[in-house]
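Everything on this sheet refers to the single structure shown next.
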Amino acid sequence: MLDRLQRPLRDLRVSVTDRCNLRCPYCMPREVFGTQFRFLPREQLLTFEEITRVVRAAAAHGVAKVRLTGGEPLLRRELERLIEMLARVDGVSDLAMTTNGLLLARHAQRLRDAGLRRVTVSLDALEQDTLRAMSDGPVSPARILDAIEVASGVGLSPVKINMVVRRGVNDHCVADMAARFRHRPEIVRFIEYMDVGSTNGWSAQEVVSASEILKVIGARWPLEPLEPRRPGEVATRYRYRDGAGEIGVIHSVSSPFCGGCSRARLSADGQLFTCLFARQGHDLRGLLRGGAGAGELERRLHEIWTGRADRYSAERAGAREAADQQPPKVEMSYIGG
Ligand code: SAM
Ligand code: SF4
Ligand code: SF4
């Protein structure tokens, strides 16, 4: 099944909650996501059975990789029950999760036993003050490092580590982060700060480009590019020439990769989005709760995907200019990062 730009559907990211226990200003700024913010009420969230039905339909169309995300996925109660259900879906060979790590140490073994294969843990700095500035919440580097150890220990490996880089906030930590994970199995991915959502006050001046990041790291430890592991991979991989391991950079702003984008996102309330920067989703919850069978769900997915022509990042400059006339882009915490 190909979209209008000949891209297959391979990955599905499933947001299991729009809530989070952090308030990273680049994602859920406290001024917007404060005590008055109305998160989705429970009855609007897809149940585990409903999520599994969507994943089954997506797998029938070629989805092999499913990533649980949010918001913070570990805030969803009994998440391991969903993992068990998804691990049994035919065709799903890779089941992963992205988490801020706060609750990971206590859940890692249960998640692994349920069938989770891999985790990506977000960690934006190794210095306490800088991490607090990046995440605006009760987080310490030691706690997240401990969670990474535990996750590796139970076999959720290799753990990937996401570091969003913001100029003037944590860009001085890039080399430290690289140093900490050299000679280790974990893979750090340095992420360009993106203009997702409509509330983070993004500005291009705050983006540290992948080439700047590579220059800083490469000046200390020479790097060489690695081949992608599979088509449509988000991070571009590099290895240290001295054999100390690999890193990734996610250059969605400076060098967009829409041409190979094979991802769809399912929000916690059952809207399917065909681009991270979408302004509108396609309602699947109505179908699921209206008695649609597997065939009907598969037909709807086919209709949505074959109509897809999204390439926001590739058109970013023009898209931002036209943005004033359009409804706001949906938030990453809702659509799933
Ligand atoms: N709460 C989990 C976490 O932080 O890992 C999962 C959801 S979060 C939205 C997924 C990933 O998106 C995180 O690694 C986060 O750093 C990244 N992210 C959020 N906002 C971003 C932005 N504006 N630019 C780049 N990456 C962003
Ligand atoms: Fe929460 Fe993750 Fe967004 Fe930070 S990046 S606010 S941890 S959802
Ligand atoms: Fe895919 Fe949209 Fe990101 Fe382009 S901007 S890579 S189409 S999610």
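Labeling convention for the structure tokens: chains A, B, ... as they appear, residues from 1 per chain, ligands from 1 in order of appearance.
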At a cut-off of 10 Å and counting only C-alpha atoms and all ligand atoms, what residues surround ligand 3? Please answer as a ChimeraX atom specification. /A:7,194,196,232,234,252-253,256-265,273-278,308-316,337
Go through the chains and note each residue within 6 Å of ligand 1, using only C-alpha atoms and all ligand atoms, then give the set as a PDB file with N, CA and C atoms, in the first residue's frame.
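Result file pocket_31.pdb:
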```pdb
ATOM      1  N   TYR A  26       9.752  22.771  25.474  1.00  0.00           N
ATOM      2  CA  TYR A  26       9.727  22.619  24.018  1.00  0.00           C
ATOM      3  C   TYR A  26       8.597  21.705  23.552  1.00  0.00           C
ATOM      4  N   CYS A  27       7.889  21.119  24.509  1.00  0.00           N
ATOM      5  CA  CYS A  27       6.829  20.161  24.155  1.00  0.00           C
ATOM      6  C   CYS A  27       5.514  20.495  24.849  1.00  0.00           C
ATOM      7  N   THR A  69       4.006   5.650  22.778  1.00  0.00           N
ATOM      8  CA  THR A  69       4.530   6.942  23.170  1.00  0.00           C
ATOM      9  C   THR A  69       3.406   7.760  23.780  1.00  0.00           C
ATOM     10  N   GLY A  70       3.576   9.072  23.841  1.00  0.00           N
ATOM     11  CA  GLY A  70       2.558   9.926  24.431  1.00  0.00           C
ATOM     12  C   GLY A  70       2.935  11.371  24.170  1.00  0.00           C
ATOM     13  N   GLY A  71       2.626  12.173  25.144  1.00  0.00           N
ATOM     14  CA  GLY A  71       2.585  12.123  26.579  1.00  0.00           C
ATOM     15  C   GLY A  71       3.598  11.119  27.128  1.00  0.00           C
ATOM     16  N   GLU A  72       3.419  10.795  28.376  1.00  0.00           N
ATOM     17  CA  GLU A  72       4.329   9.813  28.968  1.00  0.00           C
ATOM     18  C   GLU A  72       3.610   8.463  29.038  1.00  0.00           C
ATOM     19  N   THR A  98       8.873   4.956  23.680  1.00  0.00           N
ATOM     20  CA  THR A  98       9.669   6.140  24.016  1.00  0.00           C
ATOM     21  C   THR A  98       9.153   6.680  25.341  1.00  0.00           C
ATOM     22  N   THR A  99      10.067   6.927  26.273  1.00  0.00           N
ATOM     23  CA  THR A  99       9.669   7.344  27.619  1.00  0.00           C
ATOM     24  C   THR A  99      10.637   8.375  28.169  1.00  0.00           C
ATOM     25  N   ASN A 100      10.152   9.188  29.103  1.00  0.00           N
ATOM     26  CA  ASN A 100      11.077  10.121  29.760  1.00  0.00           C
ATOM     27  C   ASN A 100      11.870   9.429  30.869  1.00  0.00           C
ATOM     28  N   VAL A 121      14.913   6.356  25.644  1.00  0.00           N
ATOM     29  CA  VAL A 121      14.747   7.165  26.850  1.00  0.00           C
ATOM     30  C   VAL A 121      15.199   8.586  26.534  1.00  0.00           C
ATOM     31  N   SER A 122      14.388   9.562  26.902  1.00  0.00           N
ATOM     32  CA  SER A 122      14.760  10.951  26.642  1.00  0.00           C
ATOM     33  C   SER A 122      15.609  11.472  27.790  1.00  0.00           C
ATOM     34  N   ASN A 162      17.405   9.874  23.576  1.00  0.00           N
ATOM     35  CA  ASN A 162      17.064  11.058  22.777  1.00  0.00           C
ATOM     36  C   ASN A 162      17.488  12.319  23.500  1.00  0.00           C
ATOM     37  N   VAL A 164      17.192  16.317  22.807  1.00  0.00           N
ATOM     38  CA  VAL A 164      16.803  17.467  21.989  1.00  0.00           C
ATOM     39  C   VAL A 164      17.786  18.590  22.319  1.00  0.00           C
ATOM     40  N   ILE A 191      18.843  15.424  18.597  1.00  0.00           N
ATOM     41  CA  ILE A 191      17.655  15.801  17.812  1.00  0.00           C
ATOM     42  C   ILE A 191      17.589  17.303  17.615  1.00  0.00           C
ATOM     43  N   GLU A 192      17.423  17.734  16.390  1.00  0.00           N
ATOM     44  CA  GLU A 192      17.200  19.157  16.137  1.00  0.00           C
ATOM     45  C   GLU A 192      15.840  19.560  16.716  1.00  0.00           C
ATOM     46  N   TYR A 193      15.839  20.686  17.376  1.00  0.00           N
ATOM     47  CA  TYR A 193      14.608  21.214  17.975  1.00  0.00           C
ATOM     48  C   TYR A 193      13.615  21.532  16.846  1.00  0.00           C
ATOM     49  N   MET A 194      12.427  20.932  16.937  1.00  0.00           N
ATOM     50  CA  MET A 194      11.455  21.063  15.839  1.00  0.00           C
ATOM     51  C   MET A 194      10.291  21.981  16.202  1.00  0.00           C
ATOM     52  N   ASP A 195       9.670  22.502  15.175  1.00  0.00           N
ATOM     53  CA  ASP A 195       8.517  23.392  15.340  1.00  0.00           C
ATOM     54  C   ASP A 195       7.219  22.601  15.400  1.00  0.00           C
ATOM     55  N   VAL A 196       7.200  21.547  16.213  1.00  0.00           N
ATOM     56  CA  VAL A 196       5.958  20.769  16.354  1.00  0.00           C
ATOM     57  C   VAL A 196       4.961  21.550  17.207  1.00  0.00           C
ATOM     58  N   MET A 332       2.499  17.628  20.059  1.00  0.00           N
ATOM     59  CA  MET A 332       3.186  16.339  20.010  1.00  0.00           C
ATOM     60  C   MET A 332       2.762  15.430  21.171  1.00  0.00           C
ATOM     61  N   SER A 333       2.477  16.032  22.336  1.00  0.00           N
ATOM     62  CA  SER A 333       2.085  15.216  23.483  1.00  0.00           C
ATOM     63  C   SER A 333       0.750  14.522  23.233  1.00  0.00           C
ATOM     64  N   GLY A 336       1.550  12.052  19.752  1.00  0.00           N
ATOM     65  CA  GLY A 336       2.553  11.017  19.996  1.00  0.00           C
ATOM     66  C   GLY A 336       3.862  11.350  19.329  1.00  0.00           C
ATOM     67  N   GLY A 337       4.920  11.458  20.158  1.00  0.00           N
ATOM     68  CA  GLY A 337       6.226  11.875  19.627  1.00  0.00           C
ATOM     69  C   GLY A 337       6.960  10.770  18.931  1.00  0.00           C
TER      70      GLY A 337
END
```
Residue neighbourhood Pro158 in chain A, 7 Å, only C-alpha atoms, exclusion window fewer than 5 positions, as a PyMOL selection string: chain A and resi 152+185-186
Quick one: residues within 8 Å of Trp305 in chain A, only C-alpha atoms, excluding same-chain residues fewer than 4 positions away - as JSON, numbers by chain? {"A": [1, 2, 3, 9, 274, 301]}
With C-alpha atoms retained, write the just-selected residues as a compact mmCIF listing (two decimals), in the first residue's frame.
```
# COMPACT_ATOMS: atom_id res chain seq x y z
CA MET A 1 0.00 0.00 0.00
CA LEU A 2 1.63 3.24 -1.16
CA ASP A 3 0.68 6.86 -0.56
CA LEU A 9 3.14 2.44 5.63
CA THR A 274 -0.34 10.92 8.61
CA LEU A 301 -6.78 2.82 6.57
```
Residue among A:Val55, A:Leu5, A:Ala133, A:Ala108 lying closest to ligand 2, counting only C-alpha atoms and all ligand atoms: A:Ala133
Near-Arg67 in chain A list (6 Å; only C-alpha atoms; drop same-chain fewer than 3 positions) as a ChimeraX atom specification: /A:13,95-97
Could you pull the residues within 10 Å of Met28 in chain A, counting only C-alpha atoms, minus those fewer than 3 positions along the same chain, as a PyMOL selection string? chain A and resi 19-20+22-25+31-34+71+135-136+197+199-200+331-334
Export N, CA, C and O atoms of the chosen residues as a PDB file, in the first residue's frame?
```pdb
ATOM      1  N   ARG A  19      -1.212  12.798  28.771  1.00  0.00           N
ATOM      2  CA  ARG A  19      -0.696  13.382  30.022  1.00  0.00           C
ATOM      3  C   ARG A  19       0.789  13.131  30.169  1.00  0.00           C
ATOM      4  O   ARG A  19       1.325  12.184  29.593  1.00  0.00           O
ATOM      5  N   CYS A  20       1.438  13.953  30.999  1.00  0.00           N
ATOM      6  CA  CYS A  20       2.858  13.742  31.238  1.00  0.00           C
ATOM      7  C   CYS A  20       3.222  14.219  32.635  1.00  0.00           C
ATOM      8  O   CYS A  20       2.583  15.117  33.180  1.00  0.00           O
ATOM      9  N   LEU A  22       6.207  15.472  33.215  1.00  0.00           N
ATOM     10  CA  LEU A  22       7.158  16.573  33.031  1.00  0.00           C
ATOM     11  C   LEU A  22       6.467  17.673  32.222  1.00  0.00           C
ATOM     12  O   LEU A  22       5.373  17.462  31.681  1.00  0.00           O
ATOM     13  N   ARG A  23       7.127  18.797  32.139  1.00  0.00           N
ATOM     14  CA  ARG A  23       6.583  19.910  31.348  1.00  0.00           C
ATOM     15  C   ARG A  23       7.708  20.522  30.509  1.00  0.00           C
ATOM     16  O   ARG A  23       7.968  21.721  30.596  1.00  0.00           O
ATOM     17  N   CYS A  24       8.383  19.683  29.721  1.00  0.00           N
ATOM     18  CA  CYS A  24       9.470  20.186  28.879  1.00  0.00           C
ATOM     19  C   CYS A  24       8.940  21.389  28.088  1.00  0.00           C
ATOM     20  O   CYS A  24       7.952  21.251  27.343  1.00  0.00           O
ATOM     21  N   PRO A  25       9.557  22.544  28.237  1.00  0.00           N
ATOM     22  CA  PRO A  25       9.000  23.748  27.590  1.00  0.00           C
ATOM     23  C   PRO A  25       8.938  23.635  26.067  1.00  0.00           C
ATOM     24  O   PRO A  25       8.123  24.300  25.442  1.00  0.00           O
ATOM     25  N   GLU A  31       2.937  27.079  30.965  1.00  0.00           N
ATOM     26  CA  GLU A  31       1.957  28.167  30.832  1.00  0.00           C
ATOM     27  C   GLU A  31       0.713  27.684  30.090  1.00  0.00           C
ATOM     28  O   GLU A  31      -0.388  28.191  30.309  1.00  0.00           O
ATOM     29  N   VAL A  32       0.873  26.713  29.214  1.00  0.00           N
ATOM     30  CA  VAL A  32      -0.278  26.195  28.466  1.00  0.00           C
ATOM     31  C   VAL A  32      -0.825  24.936  29.142  1.00  0.00           C
ATOM     32  O   VAL A  32      -2.036  24.784  29.328  1.00  0.00           O
ATOM     33  N   PHE A  33       0.089  24.024  29.530  1.00  0.00           N
ATOM     34  CA  PHE A  33      -0.335  22.747  30.105  1.00  0.00           C
ATOM     35  C   PHE A  33      -0.295  22.845  31.637  1.00  0.00           C
ATOM     36  O   PHE A  33       0.373  22.065  32.309  1.00  0.00           O
ATOM     37  N   GLY A  34      -0.961  23.864  32.184  1.00  0.00           N
ATOM     38  CA  GLY A  34      -0.955  24.086  33.631  1.00  0.00           C
ATOM     39  C   GLY A  34      -2.103  23.352  34.296  1.00  0.00           C
ATOM     40  O   GLY A  34      -2.736  22.465  33.702  1.00  0.00           O
ATOM     41  N   GLY A  71       2.626  12.173  25.144  1.00  0.00           N
ATOM     42  CA  GLY A  71       2.585  12.123  26.579  1.00  0.00           C
ATOM     43  C   GLY A  71       3.598  11.119  27.128  1.00  0.00           C
ATOM     44  O   GLY A  71       4.505  10.721  26.446  1.00  0.00           O
ATOM     45  N   SER A 135      13.377  20.240  31.181  1.00  0.00           N
ATOM     46  CA  SER A 135      12.197  19.394  31.405  1.00  0.00           C
ATOM     47  C   SER A 135      11.193  19.986  32.390  1.00  0.00           C
ATOM     48  O   SER A 135      10.081  19.480  32.496  1.00  0.00           O
ATOM     49  N   ASP A 136      11.581  21.010  33.117  1.00  0.00           N
ATOM     50  CA  ASP A 136      10.685  21.702  34.032  1.00  0.00           C
ATOM     51  C   ASP A 136       9.887  20.732  34.909  1.00  0.00           C
ATOM     52  O   ASP A 136       8.665  20.831  35.019  1.00  0.00           O
ATOM     53  N   GLY A 197       3.688  21.260  17.024  1.00  0.00           N
ATOM     54  CA  GLY A 197       2.657  21.898  17.830  1.00  0.00           C
ATOM     55  C   GLY A 197       2.597  23.393  17.593  1.00  0.00           C
ATOM     56  O   GLY A 197       3.175  23.926  16.634  1.00  0.00           O
ATOM     57  N   THR A 199       2.513  25.617  20.576  1.00  0.00           N
ATOM     58  CA  THR A 199       2.599  26.306  21.868  1.00  0.00           C
ATOM     59  C   THR A 199       4.025  26.518  22.367  1.00  0.00           C
ATOM     60  O   THR A 199       4.215  27.199  23.371  1.00  0.00           O
ATOM     61  N   ASN A 200       5.026  25.927  21.712  1.00  0.00           N
ATOM     62  CA  ASN A 200       6.365  25.993  22.316  1.00  0.00           C
ATOM     63  C   ASN A 200       7.157  27.249  21.939  1.00  0.00           C
ATOM     64  O   ASN A 200       8.286  27.427  22.405  1.00  0.00           O
ATOM     65  N   GLU A 331      -0.594  19.228  19.082  1.00  0.00           N
ATOM     66  CA  GLU A 331       0.581  19.106  19.945  1.00  0.00           C
ATOM     67  C   GLU A 331       1.169  17.700  19.882  1.00  0.00           C
ATOM     68  O   GLU A 331       0.456  16.709  19.758  1.00  0.00           O
ATOM     69  N   MET A 332       2.499  17.628  20.059  1.00  0.00           N
ATOM     70  CA  MET A 332       3.186  16.339  20.010  1.00  0.00           C
ATOM     71  C   MET A 332       2.762  15.430  21.171  1.00  0.00           C
ATOM     72  O   MET A 332       2.689  14.216  21.038  1.00  0.00           O
ATOM     73  N   SER A 333       2.477  16.032  22.336  1.00  0.00           N
ATOM     74  CA  SER A 333       2.085  15.216  23.483  1.00  0.00           C
ATOM     75  C   SER A 333       0.750  14.522  23.233  1.00  0.00           C
ATOM     76  O   SER A 333       0.445  13.499  23.845  1.00  0.00           O
ATOM     77  N   TYR A 334      -0.035  15.065  22.320  1.00  0.00           N
ATOM     78  CA  TYR A 334      -1.341  14.484  21.998  1.00  0.00           C
ATOM     79  C   TYR A 334      -1.219  13.447  20.866  1.00  0.00           C
ATOM     80  O   TYR A 334      -1.699  12.321  20.943  1.00  0.00           O
TER      81      TYR A 334
END
```
Rounded to one decimal, what separation in Å do you get between CA of Ile144 in chain A and CA of Leu102 in chain A?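 Result for CA of Ile144 in chain A versus CA of Leu102 in chain A: 6.4 Å, one decimal.
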